[in-house]
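Enquirer: Mind having a look at this structure? Questions to follow.
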2 protein chains.
Amino acid sequence: MTQLTLTALPNIPLVMRDDDLAMIILRGLHDARIELQDGDVLVLAQKIVSKSEGRMVRLRDVTPSAQATELSKQSNKDVRFCQVVLWDTREVLRVRDGLIIVETKHGWVCANAGIDRSNVAPHDEEEWVLRLPEDADRSARELRERLRTLTSRDIGIVINDTHGRAWRNGAIGVAIGVAGLPAVEDLRGKSDLFGYQLQVTTIGLADQIASAASLVQGQADEGRPIVHVRGVPKSQRDGSAHEIVRTKEQDLFR
Amino acid sequence: MTQLTLTALPNIPLVMRDDDLAMIILRGLHDARIELQDGDVLVLAQKIVSKSEGRMVRLRDVTPSAQATELSKQSNKDVRFCQVVLWDTREVLRVRDGLIIVETKHGWVCANAGIDRSNVAPHDEEEWVLRLPEDADRSARELRERLRTLTSRDIGIVINDTHGRAWRNGAIGVAIGVAGLPAVEDLRGKSDLFGYQLQVTTIGLADQIASAASLVQGQADEGRPIVHVRGVPKSQRDGSAHEIVRTKEQDLFR
């Protein structure tokens, strides 16, 4: 029987800079009484990966450029926040009151270059924001290697974030870092039940896993950032989230 | 422990016009040894809903208009196929060689108005295509009511399809019909762990369920079109896929 089971690992502590995510995962799996198997996938919320990599920025320390000042005027967002957004931006695509949509340097089209103000730090005098990992594919690869060393298991890693979309209301979980599985599955040449060529030719496997995990991660707190997934159809190919990036030249909608 | 389990129901027959999907679901649940509970969600591939509603069209019976002839020239697609696409189209958005992207009369932005040539009928002299349900929200509502009558259970229904997207490679499962759960969750006003307002304010709940189910449905055959989902966070609100439709006026990317 084809079954997929997603389990949010319990008792995950607040993650700090330089925390060892592999050890946190192993403790969470232990508490959930899950024994890792080859082919399992672990989904990590981008925030805990960014935090462990020290991607927090204190707004007080940011000196805004003229471009940030202009972006702040157009968007009515904090000028120092706008500066951090620009650090990670390749191209600003749309700006409205309260809204900045960019193409990030990684190639993602999303609000605020993925910079997040919520769930970064406790309320205090300081304001902090959190940037995406510098290279989330690398983060995923390194975590996969470390877990292989510790457990001898061959697993997949997906680092997910929550993005808005064109055409459809409601943000959804998407993959921004992938290791150990294809991010995009190529079905070209496969046939349907009746021998016709399939019309849909590529499937966003990692994005679908990211959305599924997002259902159990929840949004309003950071208590369930790591999700164990069992039952993802086995694939022989390794991959990276870079496969998901549609370049500007290939994209009919930007 | 927060857990989500998706099970593709076994032994689902090829669905024909006027087949009783509720009875097919109940047999599938029985074979999977799943007892339906309040709050469970059933995801049905659009194709079996369309087929049961008789949305097949024989291309031989289609008389193309001048507009279909023009669309066929631009896209290099069968002129009768183009005519069926136009029946369900509000606005043609992009046309390239081999590609037609439209806004459907339901409000979905997708290729070919969701018209599908694969998995419709066995190879023979005739060519058939399949249109989306006329009103997939109504299809979902009626199925939910019928299952409530048969089982006394209060469940959610999602009818899913596979759509390409702007900005990202790989098609993913999306919801085109919803009943018994919110399609879009509104988190406005909710706070994070530290008391900050959340930045992401609406979540595409039904789309995420649709993508998760797509992982177990597979693509290359029609053998697993119905997925039972247990563990979706309980919501008090009924909803419809219409919540997902972003109108042209609200959309910055079309």
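In the structure tokens, chains take the letters A, B, ... in the order shown, each chain's residues start at 1, and ligands count up from 1 in the order shown.
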Considering only C-alpha atoms, return as a list of chain:residue names whatever protein or nucleic-acid residues lie within 8 Å of A:Ile244, sequence-local ones (same chain, fewer than 2 positions apart) excluded.
Expert: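 Using only C-alpha atoms, the neighbours found are A:Ala183, A:Val184, A:Gly204, A:Ala241, A:His242, A:Arg246, B:Arg168, B:Asn169, B:Gly170.
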Enquirer: I'd like the neighbourhood of B:Leu6 as a list in words, where a residue qualifies if any of its atoms comes within 6 Å (using only C-alpha atoms), though same-chain residues fewer than 5 positions away should be ignored.
Expert: Gln3 and Leu4 of chain A; His228 and Val229 of chain B
Enquirer: If you count only C-alpha atoms, which residues fall within 7 Å of B:Gln74, apart from same-chain ones fewer than 4 positions away, as a ChimeraX atom specification?
Expert: /B:70,95-97
Enquirer: Keeping N, CA and C atoms, export the residues of the selection given above as a PDB file, in the first residue's frame.
Expert:
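Below is the file result-v8.pdb, written as the result:
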```
ATOM      1  N   GLU B  70      -6.614  30.083 -35.119  1.00  0.00           N
ATOM      2  CA  GLU B  70      -5.518  31.002 -34.838  1.00  0.00           C
ATOM      3  C   GLU B  70      -4.652  30.472 -33.683  1.00  0.00           C
ATOM      4  N   VAL B  95       0.966  32.284 -25.280  1.00  0.00           N
ATOM      5  CA  VAL B  95       0.999  31.194 -26.259  1.00  0.00           C
ATOM      6  C   VAL B  95       2.392  31.121 -26.857  1.00  0.00           C
ATOM      7  N   ARG B  96       2.972  29.933 -26.847  1.00  0.00           N
ATOM      8  CA  ARG B  96       4.233  29.674 -27.519  1.00  0.00           C
ATOM      9  C   ARG B  96       4.091  28.350 -28.256  1.00  0.00           C
ATOM     10  N   ASP B  97       5.132  27.967 -28.986  1.00  0.00           N
ATOM     11  CA  ASP B  97       5.114  26.661 -29.644  1.00  0.00           C
ATOM     12  C   ASP B  97       4.955  25.564 -28.594  1.00  0.00           C
TER      13      ASP B  97
END
```
Enquirer: Extract, using only C-alpha atoms, all DNA, RNA and protein residues at most 10 Å from B:Gln250, discarding same-chain residues fewer than 2 positions from it, and format them as a JSON list (two decimals) with N, CA and C atoms, in the first residue's frame.
Expert:
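Dumped to result_5.json:
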```
[["chain", "number", "residue", "atom", "x", "y", "z"],
["A", 166, "ALA", "N", 2.34, 33.64, -7.56],
["A", 166, "ALA", "CA", 1.49, 34.29, -8.55],
["A", 166, "ALA", "C", 0.18, 33.52, -8.62],
["A", 167, "TRP", "N", -0.90, 34.21, -8.96],
["A", 167, "TRP", "CA", -2.18, 33.61, -9.38],
["A", 167, "TRP", "C", -3.02, 33.00, -8.28],
["A", 169, "ASN", "N", -4.00, 32.58, -4.03],
["A", 169, "ASN", "CA", -3.89, 33.08, -2.67],
["A", 169, "ASN", "C", -3.37, 32.00, -1.73],
["B", 245, "VAL", "N", -8.53, 31.58, -5.64],
["B", 245, "VAL", "CA", -8.44, 32.34, -6.90],
["B", 245, "VAL", "C", -8.02, 33.77, -6.60],
["B", 246, "ARG", "N", -6.88, 34.16, -7.14],
["B", 246, "ARG", "CA", -6.47, 35.56, -7.06],
["B", 246, "ARG", "C", -6.95, 36.24, -8.34],
["B", 247, "THR", "N", -7.75, 37.27, -8.18],
["B", 247, "THR", "CA", -8.29, 37.92, -9.38],
["B", 247, "THR", "C", -7.18, 38.66, -10.12],
["B", 248, "LYS", "N", -7.42, 38.87, -11.38],
["B", 248, "LYS", "CA", -6.48, 39.60, -12.23],
["B", 248, "LYS", "C", -6.09, 40.94, -11.59],
["B", 252, "LEU", "N", -0.11, 40.71, -9.32],
["B", 252, "LEU", "CA", 0.97, 41.53, -9.88],
["B", 252, "LEU", "C", 1.74, 40.81, -10.98],
["B", 253, "PHE", "N", 1.40, 39.55, -11.25],
["B", 253, "PHE", "CA", 2.21, 38.78, -12.18],
["B", 253, "PHE", "C", 1.38, 38.09, -13.26]]
```
Enquirer: List the neighbours of B:Gly231 out to 12 Å using only C-alpha atoms; skip same-chain residues closer than 6 positions along the sequence, and give me the result as a count of residues only.
Expert: 24
Enquirer: Write out as a VMD selection string which residues come within 12 Å of A:Val92 when counting only C-alpha atoms, dropping same-chain ones fewer than 2 positions away.
Expert: chain A and resid 67 to 68 70 to 71 74 to 75 82 85 to 90 94 to 96 99 to 105 107 to 113 254
Enquirer: Could those selected residues go to a file with C-alpha atoms, as a compact mmCIF listing (two decimals), in the first residue's frame?
Expert:
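Saved result, result.txt, follows:
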```
# COMPACT_ATOMS: atom_id res chain seq x y z
CA GLN A 67 18.73 52.54 -2.87
CA ALA A 68 17.43 51.24 0.48
CA GLU A 70 14.21 54.73 -2.01
CA LEU A 71 12.88 51.18 -1.50
CA GLN A 74 8.08 53.01 -1.95
CA SER A 75 7.25 50.12 0.37
CA CYS A 82 15.13 47.25 3.11
CA VAL A 85 16.66 42.76 1.63
CA LEU A 86 18.87 44.44 -0.98
CA TRP A 87 21.97 42.56 0.21
CA ASP A 88 20.31 39.32 -0.90
CA THR A 89 18.53 40.69 -4.00
CA ARG A 90 19.49 40.27 -7.62
CA ARG A 94 7.50 44.60 -7.68
CA VAL A 95 7.11 47.17 -4.90
CA ARG A 96 3.84 48.31 -3.37
CA LEU A 99 5.10 44.63 -0.28
CA ILE A 100 8.52 43.97 -1.82
CA ILE A 101 8.93 41.09 -4.27
CA VAL A 102 12.40 40.34 -5.55
CA GLU A 103 14.50 37.74 -7.29
CA THR A 104 17.06 36.73 -4.69
CA LYS A 105 20.70 36.08 -5.47
CA GLY A 107 17.19 32.78 -7.90
CA TRP A 108 14.04 32.60 -5.74
CA VAL A 109 11.21 34.97 -6.50
CA CYS A 110 9.71 35.84 -3.12
CA ALA A 111 8.75 38.62 -0.73
CA ASN A 112 11.52 40.50 1.11
CA ALA A 113 14.27 38.24 -0.30
CA ARG A 254 7.84 38.21 -14.40
```
Enquirer: Using DSSP assignments from the backbone, pull out every residue in stretch 12-212 of chain B that falls under helix (DSSP H, G or I) and give it to me as a PyMOL selection string.
Expert: chain B and resi 21-31+46-52+59-61+66-75+79-87+112-114+136-151+205-212
Enquirer: Determine, counting only C-alpha atoms, which protein, DNA and RNA residues have an atom within 6 Å of an atom of stretch 11-24 of chain A; residues of the same chain fewer than 5 positions away are not included. Present the result as a ChimeraX atom specification.
Expert: /A:48,51-54
Enquirer: Those selected residues, please, written with C-alpha atoms and delivered as a PDB file, in the first residue's frame.
Expert:
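File written: out_21.pdb
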```
ATOM      1  CA  ILE A  48      16.612  26.917  12.157  1.00  0.00           C
ATOM      2  CA  LYS A  51      20.019  30.543  12.858  1.00  0.00           C
ATOM      3  CA  SER A  52      22.502  27.716  13.250  1.00  0.00           C
ATOM      4  CA  GLU A  53      24.549  29.393  10.517  1.00  0.00           C
ATOM      5  CA  GLY A  54      24.460  32.757  12.287  1.00  0.00           C
TER       6      GLY A  54
END
```
Enquirer: Going by DSSP on the backbone, which bits of stretch 65-205 of chain A are strand (DSSP E or B)? Write them as a VMD selection string, please.
Expert: chain A and resid 89 to 96 99 to 104 109 to 111 116 128 to 130 156 to 163 168 171 to 179 185 to 186 191 197 202 to 203
Enquirer: Could the residues in this selection be written to a file with N, CA and C atoms, as a compact mmCIF listing (two decimals), in the first residue's frame?
Expert:
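Written output follows (part-v9.txt):
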```txt
# COMPACT_ATOMS: atom_id res chain seq x y z
N THR A 89 19.39 40.53 -2.82
CA THR A 89 18.53 40.69 -4.00
C THR A 89 19.35 40.82 -5.27
N ARG A 90 18.91 40.09 -6.29
CA ARG A 90 19.49 40.27 -7.62
C ARG A 90 18.71 41.33 -8.39
N GLU A 91 17.37 41.29 -8.25
CA GLU A 91 16.53 42.25 -8.97
C GLU A 91 15.24 42.47 -8.20
N VAL A 92 14.88 43.72 -7.99
CA VAL A 92 13.59 44.04 -7.38
C VAL A 92 12.53 43.96 -8.48
N LEU A 93 11.50 43.13 -8.26
CA LEU A 93 10.50 42.89 -9.32
C LEU A 93 9.25 43.74 -9.15
N ARG A 94 8.71 43.83 -7.92
CA ARG A 94 7.50 44.60 -7.68
C ARG A 94 7.60 45.25 -6.30
N VAL A 95 7.18 46.50 -6.20
CA VAL A 95 7.11 47.17 -4.90
C VAL A 95 5.76 47.85 -4.79
N ARG A 96 5.07 47.61 -3.69
CA ARG A 96 3.84 48.31 -3.37
C ARG A 96 3.90 48.68 -1.90
N LEU A 99 4.76 45.82 0.51
CA LEU A 99 5.10 44.63 -0.28
C LEU A 99 6.35 44.85 -1.12
N ILE A 100 7.32 43.95 -0.96
CA ILE A 100 8.52 43.97 -1.82
C ILE A 100 8.71 42.56 -2.36
N ILE A 101 8.67 42.40 -3.68
CA ILE A 101 8.93 41.09 -4.27
C ILE A 101 10.18 41.19 -5.14
N VAL A 102 11.11 40.28 -4.86
CA VAL A 102 12.40 40.34 -5.55
C VAL A 102 12.76 38.97 -6.11
N GLU A 103 13.76 38.97 -6.99
CA GLU A 103 14.50 37.74 -7.29
C GLU A 103 15.74 37.77 -6.41
N THR A 104 15.90 36.75 -5.58
CA THR A 104 17.06 36.73 -4.69
C THR A 104 18.31 36.33 -5.47
N VAL A 109 12.09 33.81 -6.44
CA VAL A 109 11.21 34.97 -6.50
C VAL A 109 10.31 34.91 -5.26
N CYS A 110 10.48 35.88 -4.37
CA CYS A 110 9.71 35.84 -3.12
C CYS A 110 9.70 37.22 -2.47
N ALA A 111 8.86 37.37 -1.45
CA ALA A 111 8.75 38.62 -0.73
C ALA A 111 10.00 38.85 0.12
N ASP A 116 13.25 37.51 7.28
CA ASP A 116 12.13 37.32 8.19
C ASP A 116 12.34 38.11 9.47
N TRP A 128 16.07 42.29 15.40
CA TRP A 128 16.86 41.37 14.60
C TRP A 128 16.06 40.88 13.40
N VAL A 129 16.75 40.60 12.33
CA VAL A 129 16.12 39.91 11.20
C VAL A 129 17.00 38.74 10.81
N LEU A 130 16.44 37.86 9.98
CA LEU A 130 17.12 36.60 9.65
C LEU A 130 17.18 36.45 8.14
N GLY A 156 17.39 11.73 2.45
CA GLY A 156 17.25 12.99 1.75
C GLY A 156 17.03 14.13 2.73
N ILE A 157 17.45 15.33 2.33
CA ILE A 157 17.24 16.53 3.14
C ILE A 157 16.52 17.58 2.28
N VAL A 158 15.48 18.19 2.84
CA VAL A 158 14.84 19.34 2.21
C VAL A 158 14.81 20.47 3.22
N ILE A 159 15.30 21.63 2.84
CA ILE A 159 15.17 22.83 3.66
C ILE A 159 14.01 23.64 3.07
N ASN A 160 12.98 23.91 3.89
CA ASN A 160 11.80 24.56 3.32
C ASN A 160 11.56 25.95 3.89
N ASP A 161 10.90 26.75 3.08
CA ASP A 161 10.47 28.09 3.46
C ASP A 161 9.02 28.23 3.01
N THR A 162 8.39 29.34 3.34
CA THR A 162 6.99 29.56 2.97
C THR A 162 6.94 30.77 2.04
N HIS A 163 6.48 30.55 0.81
CA HIS A 163 6.46 31.62 -0.19
C HIS A 163 5.04 31.87 -0.69
N ARG A 168 -2.40 32.56 -7.20
CA ARG A 168 -3.15 31.81 -6.18
C ARG A 168 -2.92 32.43 -4.81
N ALA A 171 0.15 31.38 1.02
CA ALA A 171 1.55 30.97 0.88
C ALA A 171 1.65 29.47 1.12
N ILE A 172 2.66 28.84 0.52
CA ILE A 172 2.85 27.40 0.69
C ILE A 172 4.32 27.10 0.95
N GLY A 173 4.56 25.92 1.51
CA GLY A 173 5.91 25.46 1.74
C GLY A 173 6.61 25.17 0.42
N VAL A 174 7.85 25.66 0.28
CA VAL A 174 8.65 25.38 -0.91
C VAL A 174 10.06 24.97 -0.47
N ALA A 175 10.75 24.29 -1.36
CA ALA A 175 12.11 23.84 -1.06
C ALA A 175 13.11 24.90 -1.49
N ILE A 176 14.04 25.26 -0.60
CA ILE A 176 15.11 26.16 -1.01
C ILE A 176 16.49 25.49 -0.90
N GLY A 177 16.51 24.30 -0.31
CA GLY A 177 17.75 23.53 -0.26
C GLY A 177 17.41 22.05 -0.32
N VAL A 178 18.14 21.29 -1.11
CA VAL A 178 17.83 19.88 -1.33
C VAL A 178 19.13 19.08 -1.42
N ALA A 179 19.12 17.90 -0.83
CA ALA A 179 20.22 16.94 -1.02
C ALA A 179 19.68 15.53 -0.92
N GLU A 185 11.54 16.04 -10.72
CA GLU A 185 11.52 14.74 -11.39
C GLU A 185 11.18 14.92 -12.85
N ASP A 186 11.89 14.24 -13.70
CA ASP A 186 11.66 14.34 -15.14
C ASP A 186 10.89 13.11 -15.60
N SER A 191 4.82 6.98 -20.16
CA SER A 191 3.50 6.82 -20.76
C SER A 191 2.45 6.65 -19.68
N GLN A 197 1.75 9.51 -24.23
CA GLN A 197 2.77 10.28 -23.52
C GLN A 197 2.09 11.16 -22.48
N THR A 202 7.46 17.45 -15.92
CA THR A 202 8.36 17.55 -14.77
C THR A 202 7.53 17.84 -13.52
N ILE A 203 7.93 17.20 -12.44
CA ILE A 203 7.19 17.29 -11.17
C ILE A 203 8.09 17.90 -10.11
```
Enquirer: In Å, rounded to a single decimal, give me how far atom CA of A:Gly223 is from atom CA of A:Ala45.
Expert: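 So the answer is 10.5 Å.
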Enquirer: Hey, can you check how far atom CA of A:Arg80 sits from atom CA of A:Leu132?
Expert: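 Between atom CA of A:Arg80 and atom CA of A:Leu132 the gap works out to 16.7 Å.
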Enquirer: Go through B:Leu205, B:Leu36, B:Val84, B:Leu181 one by one, measure the shortest atom-to-atom distance of each to B:Arg131 using only C-alpha atoms, and give the residue with the smallest value.
Expert: B:Val84
Enquirer: Between A:Arg188, A:Arg141, A:Arg237, A:Lys73, single out the one closest to chain B, counting only C-alpha atoms.
Expert: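 Ranking A:Arg188, A:Arg141, A:Arg237, A:Lys73 by distance to chain B, first place goes to A:Arg188.
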